Amino acid sequence: MSLDAQSLDDLYTELCNTLTEVGEAQTPALLARLCLLLMRESGDPERIRSAIREARAALPAAHGAA
Amino acid sequence: MSRAFVSYFDYRQYEPLLPRLEHGRDPVRATVAIVGGGPVGFALALGLARYGIRPVVIEADESVCTGSRAGCITRRSLEIFEQLGAAAPMMRQGLPWSEGWSYHRTTEVFHLRMPPDAHAKYPALVNIQQCYVEQYLVDELEKLRDRIEIRWQSRVAEATPRADGVELAIETPRGGYRMNADWVVACDGARSTVRRALGLNFVGTRYEGRYVIVDIKMPSDLPPGRRAWFDPPSNPGATLLLHKHRNDLWRFDYQLRPDEDADAAVEPENVLARVQSHLDLMGERAPWNPVWISMYKASALTLERYRHGRVLFAGDAAHLTPIFGVRGMNSGIDDTHNLAWKLAFVLRGRARERLLDSYSGERLHATGENLRHSSKSAEFMDPPSPGFHLMRGAVLSLAGRNEWVRSLVNPRQSTAIGFPGSPLNDSSDEPAAALVAPGDNLPDAPLGGTHLSSLLGPQFTALVAGRADAGTLADGPVPVAVHETTGVAAERLGLRAGAAVLVRPDGHVLARHGAFDPARIRAAVQRCCEGGTA
């Protein structure tokens, strides 16, 4: 199951527009809800775990966090 | 930090009890000294008495506990109290419940329904205040007063391990004395004197969240159950839990926001205003009175071992678990049931001392399970970081319309914990997926006009599907009771004709054999009494 380039392009834009609509303050809440819904859709614990780690990989830890 | 208004319980005061002394010393050496007369110490005393052991209980106060303490007992605890002869008054005073409602602000997002177990003698959860539990255990102990002493108003000041036992220094309003015991079981709670005396420390986590516990008296027809609010208008930004007890007693348990001042938060006018605001939200209109206000902080802490030579630790002295899921007092009661027979068997020469190491190992496993569940509940009730807070918000906002996400809101109520990895377990010739495996708790079921939970006595028990020739199993120093098992009981245990399940005195399965063979049963019992595999 993978997205074709056109669908990816459309969904990317739709998410950007949605985040813009709700505003910066509510962006984390929306992304958190979306993550839970997509976890459910995926149903594959290993792929979800690996996606969480990949998402984390490029980001530095917050100042003071372990 | 607590305050009492009216008492709902008729406290009996007990005079200090001192032994006859010789030169400031109790000349009688105790076989077992139980330090701490709370639910754990009293349950252990009754448990040991079933095996003919005569412990001395040393309790600092002059009555059973005051204030808001544990509030709910599990089926497993009731089955243990049944063995101790104390279940009937607990059931008369207790209020069974099997439902829960979780609300995000004012919207119901999760309805917990625990289906009743038609075959079990006792319900899964019964609300009862700890003072009743303690008093009913004391009532049973008083029937044994010629054999078991409760030394009220006696505070342990020092505990010093010796080669053959422990020396204790006791202080009472009538003066102090020293005594010796072959064994000491520390049941003296979260601030255990014995734990400190041995220089032992807890490991684990203390949570930041602070909770105000308020008991009130209020007539209401609402059904009993667990009611949880996240971010209600009456306590914005925090949580609130509510439980019904018998005699119109209700227990509120609400979280303080991090910026709230603790001293101001327990001032009656602030507490009572918040309670009133929440009752308004619920539409409860009856007049009510406060009973008790106190403050609570959650901890997930444990000793790394529960046996230190001749000193054993049980209950809060050994481990502290967050209150969510009722694993505090109940795990302590479970400790005593695991320990009583092992200690008694060792004392009577029926088992090797290393059997007591399995007490530590098995109960540490139970603590691990309890902390795993109750810490997740604590983290959901009080998110420890912005990340936890963000995700909880996402869950609560989705739970109303998405059933699958509601399992994350489930309060994870306590259930019986088995010991699949216990060194005592005998090999099983049944598949691993068998209904009841070695280490598991025996499920309850009716059998021969009674229940399995009532049938278990202070000995090993073999449950055999079909006719069983017990041979010499009932004889000898470690007798094994044999019961023919039919109907629902056999089904629940997954027993095919001729098969057998061997049960330890504490209700844990020791072995299951595809064909009942008294010699194999005897061998499994012997291995267990030797302390199991090395």
# chains A, B, ... in the order shown; residues from 1 in each chain; ligands from 1
call {"tool": "select_by_dssp", "arguments": {"residues": "chain A", "states": "alpha helix (DSSP H)", "output": "PyMOL selection string"}}
result
chain A and resi 5-22+27-42+45-57
call {"tool": "residues_around", "arguments": {"residues": "stretch 80-91 of chain B", "least_positions_apart": "6", "cutoff": "9 Å", "atoms": "only C-alpha atoms", "output": "list in words"}}
result
Ala43, Leu46, Gly47, Arg50, Tyr122, Val126, Ile128, Tyr132, Val133, Tyr136, Leu137, Asp139, Glu140, Ile333, Asp334, His337, Ser453, Ser454, Leu455, Leu456, Gly457, Pro458, Asp506 and Gly507 of chain B
call {"tool": "write_last_selection", "arguments": {"atoms": "N, CA and C atoms", "output": "tab-separated table (two decimals), in the first residue's frame"}}
result
chain	number	residue	atom	x	y	z
B	43	ALA	N	-4.21	-9.33	58.56
B	43	ALA	CA	-4.49	-10.46	57.66
B	43	ALA	C	-3.40	-11.52	57.79
B	46	LEU	N	-3.95	-13.53	61.03
B	46	LEU	CA	-5.00	-14.53	60.87
B	46	LEU	C	-4.53	-15.67	59.97
B	47	GLY	N	-3.78	-15.32	58.94
B	47	GLY	CA	-3.27	-16.34	58.03
B	47	GLY	C	-2.34	-17.31	58.74
B	50	ARG	N	-3.98	-19.95	61.01
B	50	ARG	CA	-4.58	-21.13	60.36
B	50	ARG	C	-3.60	-22.30	60.34
B	122	TYR	N	-17.71	-14.22	44.76
B	122	TYR	CA	-17.61	-12.82	45.14
B	122	TYR	C	-17.56	-11.92	43.92
B	126	VAL	N	-15.52	-4.32	45.41
B	126	VAL	CA	-16.46	-3.94	46.46
B	126	VAL	C	-15.90	-2.72	47.18
B	128	ILE	N	-15.41	-0.37	50.18
B	128	ILE	CA	-15.51	-0.43	51.64
B	128	ILE	C	-14.35	0.38	52.19
B	132	TYR	N	-13.23	-0.31	58.26
B	132	TYR	CA	-14.10	-1.48	58.43
B	132	TYR	C	-13.30	-2.77	58.20
B	133	VAL	N	-12.50	-2.77	57.15
B	133	VAL	CA	-11.70	-3.96	56.85
B	133	VAL	C	-10.84	-4.32	58.06
B	136	TYR	N	-12.96	-5.64	61.10
B	136	TYR	CA	-13.47	-7.01	60.94
B	136	TYR	C	-12.34	-8.03	61.12
B	137	LEU	N	-11.13	-7.67	60.70
B	137	LEU	CA	-9.99	-8.58	60.92
B	137	LEU	C	-9.65	-8.64	62.41
B	139	ASP	N	-11.78	-8.18	64.83
B	139	ASP	CA	-12.84	-8.97	65.46
B	139	ASP	C	-12.51	-10.46	65.39
B	140	GLU	N	-12.01	-10.91	64.24
B	140	GLU	CA	-11.63	-12.33	64.11
B	140	GLU	C	-10.45	-12.66	65.01
B	333	ILE	N	-2.72	-7.41	50.94
B	333	ILE	CA	-3.46	-8.60	51.37
B	333	ILE	C	-2.93	-9.83	50.62
B	334	ASP	N	-2.69	-9.63	49.33
B	334	ASP	CA	-2.15	-10.71	48.49
B	334	ASP	C	-0.76	-11.14	48.99
B	337	HIS	N	-1.11	-13.54	51.90
B	337	HIS	CA	-1.59	-14.88	51.57
B	337	HIS	C	-0.48	-15.72	50.96
B	453	SER	N	-13.39	-21.36	45.90
B	453	SER	CA	-12.74	-20.38	46.79
B	453	SER	C	-12.98	-20.72	48.27
B	454	SER	N	-14.08	-21.43	48.58
B	454	SER	CA	-14.36	-21.81	49.96
B	454	SER	C	-13.73	-23.15	50.30
B	455	LEU	N	-13.51	-23.93	49.27
B	455	LEU	CA	-13.06	-25.31	49.45
B	455	LEU	C	-11.59	-25.39	49.85
B	456	LEU	N	-10.80	-24.39	49.35
B	456	LEU	CA	-9.37	-24.44	49.62
B	456	LEU	C	-9.12	-24.27	51.11
B	457	GLY	N	-8.37	-25.18	51.69
B	457	GLY	CA	-8.01	-25.05	53.10
B	457	GLY	C	-6.54	-24.71	53.23
B	458	PRO	N	-6.05	-24.72	54.48
B	458	PRO	CA	-4.62	-24.40	54.68
B	458	PRO	C	-3.72	-25.58	54.34
B	506	ASP	N	-2.11	-21.01	48.83
B	506	ASP	CA	-2.53	-19.63	48.58
B	506	ASP	C	-3.37	-19.49	47.31
B	507	GLY	N	-3.83	-20.61	46.75
B	507	GLY	CA	-4.74	-20.53	45.61
B	507	GLY	C	-4.05	-20.40	44.27
call {"tool": "interface_residues", "arguments": {"of": "chain A", "to": "chain B", "cutoff": "10 Å", "atoms": "only C-alpha atoms", "output": "MDAnalysis selection string"}}
result
chainID A and resid 28:37 40
call {"tool": "select_by_dssp", "arguments": {"residues": "stretch 193-439 of chain B", "states": "strand (DSSP E or B)", "output": "MDAnalysis selection string"}}
result
chainID B and resid 203:217 226:230 239:244 249:255 289:302 307:308 311:313 319:320
call {"tool": "residues_around", "arguments": {"residues": "B:His483", "least_positions_apart": "4", "cutoff": "10 Å", "atoms": "only C-alpha atoms", "output": "JSON, numbers by chain"}}
result
{"B": [447, 448, 452, 455, 456, 461, 462, 463, 464, 465, 466, 467, 468, 470, 500]}
call {"tool": "atom_distance", "arguments": {"atom1": "atom CA of B:Arg401", "atom2": "atom CA of B:Ala228"}}
result
18.1 Å
call {"tool": "closest_residue", "arguments": {"among": "B:Met282, B:Ile213, B:Val185, B:Leu339", "to": "B:Tyr51", "atoms": "only C-alpha atoms"}}
result
B:Leu339
call {"tool": "closest_residue", "arguments": {"among": "B:Arg147, B:Arg162, B:Arg363, B:Arg246", "to": "B:Arg92", "atoms": "only C-alpha atoms"}}
result
B:Arg246
call {"tool": "closest_residue", "arguments": {"among": "B:Ala4, B:Leu281, B:Ala60, B:Ala190", "to": "B:Glu267", "atoms": "only C-alpha atoms"}}
result
B:Ala4
call {"tool": "residues_around", "arguments": {"residues": "stretch 367-382 of chain B", "least_positions_apart": "3", "cutoff": "7 Å", "atoms": "only C-alpha atoms", "output": "PyMOL selection string"}}
result
chain B and resi 209+239+300+321-322+324-325+327+363-364+392+411-412
call {"tool": "atom_distance", "arguments": {"atom1": "atom CA of B:Leu240", "atom2": "atom CA of B:Arg226"}}
result
10.6 Å
call {"tool": "atom_distance", "arguments": {"atom1": "atom CA of B:Asn289", "atom2": "atom CA of B:Gly38"}}
result
27.5 Å
call {"tool": "residues_around", "arguments": {"residues": "stretch 51-65 of chain A", "least_positions_apart": "4", "cutoff": "12 Å", "atoms": "only C-alpha atoms", "output": "list in words"}}
result
Cys35, Leu36, Leu38, Met39, Ser42, Asp44, Pro45, Glu46 and Arg47 of chain A; Ser385, Pro386 and Gly387 of chain B
